[in-house]
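Novice: Submitted below is the structure of interest, expressed as structure tokens.
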Amino acid sequence: MPFSQSSQLSTIVGFFESRQPRSVLDVGTGMGQYGFLLRNNLEQTGLFVIEGASGRQARKDEWRVRIDGIEGCEAYHTAVHDYAYNVMFWGEALAELQRLPSRGYEAVMAIDILEHFDQPQGVRFLEELKRVASGFVLVSTPKDFHAQTVEANPLENHRSVWTAEELAAAGFDHILENGESWIVVHNA
């Protein structure tokens, strides 16, 4: 679905706050919740310009942090995308990733999208995420298989489940604590 389970929100946002990336690619934005949270938590005071007794919302060209997104379902487009992201790429994740330059983003995130690929395609997806990252990649995926078929959006169908060992073999060997999901990091 176009949102993720709430138990991982503070872990993921906290990790990004600790690393303070200047550019982020959010792959599989859904309705944009992580773009919004990262915009607020990484940009912070840069979201407003205070000039004496008056203030205004900063323009996007004044923001210090670049947050771009990829989403395969244009029906998920919300005002959050327009606000939080500098650029949105609307298309299938693997195809859009292949168009991006290597090491083009300090941080890359893919929250609850890996399970939508079968295993071989998922390995290619993880390799593409690592290719476009210059600093780190953070991925989350459920620890257990949850059958899901969405006729209106086949990109939402669940096709795989991953173990910690499989994720480590793909280069994601740093695990953040969470009861429901693997939240794993690859340092570039």
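Labels for the structure tokens follow display order: chains A, B, ..., residues from 1 in each chain, ligands from 1.
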So that I can check the secondary structure, give me every residue of range 18-143 of chain A assigned helix (DSSP H, G or I) by backbone DSSP, as a VMD selection string.

Specialist: chain A and resid 18 to 19 33 to 47 60 to 62 74 to 76 79 to 84 93 to 98 114 to 116 119 to 132

Novice: Suppose we keep C-alpha atoms; can you now write the selection as a PDB file, in the first residue's frame?

Specialist:
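Result went into selection24.pdb, see below:
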ATOM      1  CA  SER A  18      22.082  11.093  12.824  1.00  0.00           C
ATOM      2  CA  ARG A  19      23.703  11.039   9.358  1.00  0.00           C
ATOM      3  CA  GLN A  33       5.247  10.354   4.237  1.00  0.00           C
ATOM      4  CA  TYR A  34       9.027   9.879   4.425  1.00  0.00           C
ATOM      5  CA  GLY A  35       9.699  12.814   2.117  1.00  0.00           C
ATOM      6  CA  PHE A  36       7.609  14.999   4.400  1.00  0.00           C
ATOM      7  CA  LEU A  37       9.237  13.713   7.599  1.00  0.00           C
ATOM      8  CA  LEU A  38      12.759  14.007   6.199  1.00  0.00           C
ATOM      9  CA  ARG A  39      12.063  17.474   4.814  1.00  0.00           C
ATOM     10  CA  ASN A  40      10.966  18.650   8.256  1.00  0.00           C
ATOM     11  CA  ASN A  41      13.655  16.829  10.232  1.00  0.00           C
ATOM     12  CA  LEU A  42      16.653  17.424   7.959  1.00  0.00           C
ATOM     13  CA  GLU A  43      15.811  20.918   6.745  1.00  0.00           C
ATOM     14  CA  GLN A  44      14.470  22.188  10.094  1.00  0.00           C
ATOM     15  CA  THR A  45      15.069  25.938  10.402  1.00  0.00           C
ATOM     16  CA  GLY A  46      15.809  26.192   6.692  1.00  0.00           C
ATOM     17  CA  LEU A  47      12.091  25.825   6.002  1.00  0.00           C
ATOM     18  CA  LYS A  60      12.518  25.267  -2.720  1.00  0.00           C
ATOM     19  CA  ASP A  61      15.565  26.901  -4.304  1.00  0.00           C
ATOM     20  CA  GLU A  62      16.568  28.066  -0.804  1.00  0.00           C
ATOM     21  CA  GLU A  74       0.779   8.383 -10.353  1.00  0.00           C
ATOM     22  CA  ALA A  75      -2.588   7.891  -8.625  1.00  0.00           C
ATOM     23  CA  TYR A  76      -0.661   8.256  -5.334  1.00  0.00           C
ATOM     24  CA  ALA A  79       0.144  17.718  -2.259  1.00  0.00           C
ATOM     25  CA  VAL A  80       2.821  16.193  -0.007  1.00  0.00           C
ATOM     26  CA  HIS A  81       4.860  15.279  -3.101  1.00  0.00           C
ATOM     27  CA  ASP A  82       4.570  18.820  -4.418  1.00  0.00           C
ATOM     28  CA  TYR A  83       5.697  20.254  -1.081  1.00  0.00           C
ATOM     29  CA  ALA A  84       8.347  17.843   0.224  1.00  0.00           C
ATOM     30  CA  ALA A  93      11.518   1.976  -9.884  1.00  0.00           C
ATOM     31  CA  LEU A  94      14.124  -0.109 -11.751  1.00  0.00           C
ATOM     32  CA  ALA A  95      13.627   1.818 -14.990  1.00  0.00           C
ATOM     33  CA  GLU A  96      13.860   5.194 -13.229  1.00  0.00           C
ATOM     34  CA  LEU A  97      16.931   4.162 -11.204  1.00  0.00           C
ATOM     35  CA  GLN A  98      18.755   3.125 -14.369  1.00  0.00           C
ATOM     36  CA  LEU A 114      11.701  -4.720  -1.856  1.00  0.00           C
ATOM     37  CA  GLU A 115       8.948  -7.281  -1.153  1.00  0.00           C
ATOM     38  CA  HIS A 116       7.206  -6.145  -4.358  1.00  0.00           C
ATOM     39  CA  GLN A 119      14.148 -12.421  -5.586  1.00  0.00           C
ATOM     40  CA  PRO A 120      16.265 -12.052  -8.780  1.00  0.00           C
ATOM     41  CA  GLN A 121      14.654  -8.722  -9.647  1.00  0.00           C
ATOM     42  CA  GLY A 122      15.061  -7.653  -5.993  1.00  0.00           C
ATOM     43  CA  VAL A 123      18.800  -8.341  -6.143  1.00  0.00           C
ATOM     44  CA  ARG A 124      19.038  -6.115  -9.258  1.00  0.00           C
ATOM     45  CA  PHE A 125      16.989  -3.468  -7.451  1.00  0.00           C
ATOM     46  CA  LEU A 126      19.365  -3.501  -4.452  1.00  0.00           C
ATOM     47  CA  GLU A 127      22.366  -3.203  -6.793  1.00  0.00           C
ATOM     48  CA  GLU A 128      20.802  -0.160  -8.474  1.00  0.00           C
ATOM     49  CA  LEU A 129      20.132   1.462  -5.090  1.00  0.00           C
ATOM     50  CA  LYS A 130      23.789   0.972  -4.135  1.00  0.00           C
ATOM     51  CA  ARG A 131      24.959   2.317  -7.494  1.00  0.00           C
ATOM     52  CA  VAL A 132      23.202   5.671  -7.113  1.00  0.00           C
TER      53      VAL A 132
END

Novice: Taking only C-alpha atoms into account, name the residue in A:Asn86, A:Ser102, A:Ser160, A:Asn178 that is nearest to Ser6 in chain A.

Specialist: A:Asn178

Novice: Would you please give, as a count of residues only, all residues of range 60-93 of chain A that DSSP assigns to strand (DSSP E) based on the backbone?

Specialist: 10

Novice: Skipping near chain neighbours, those fewer than 6 positions away, what residues fall within 10 Å of Ala168 in chain A using only C-alpha atoms, listed as JSON, numbers by chain?

Specialist: {"A": [174, 175, 184, 185, 186]}
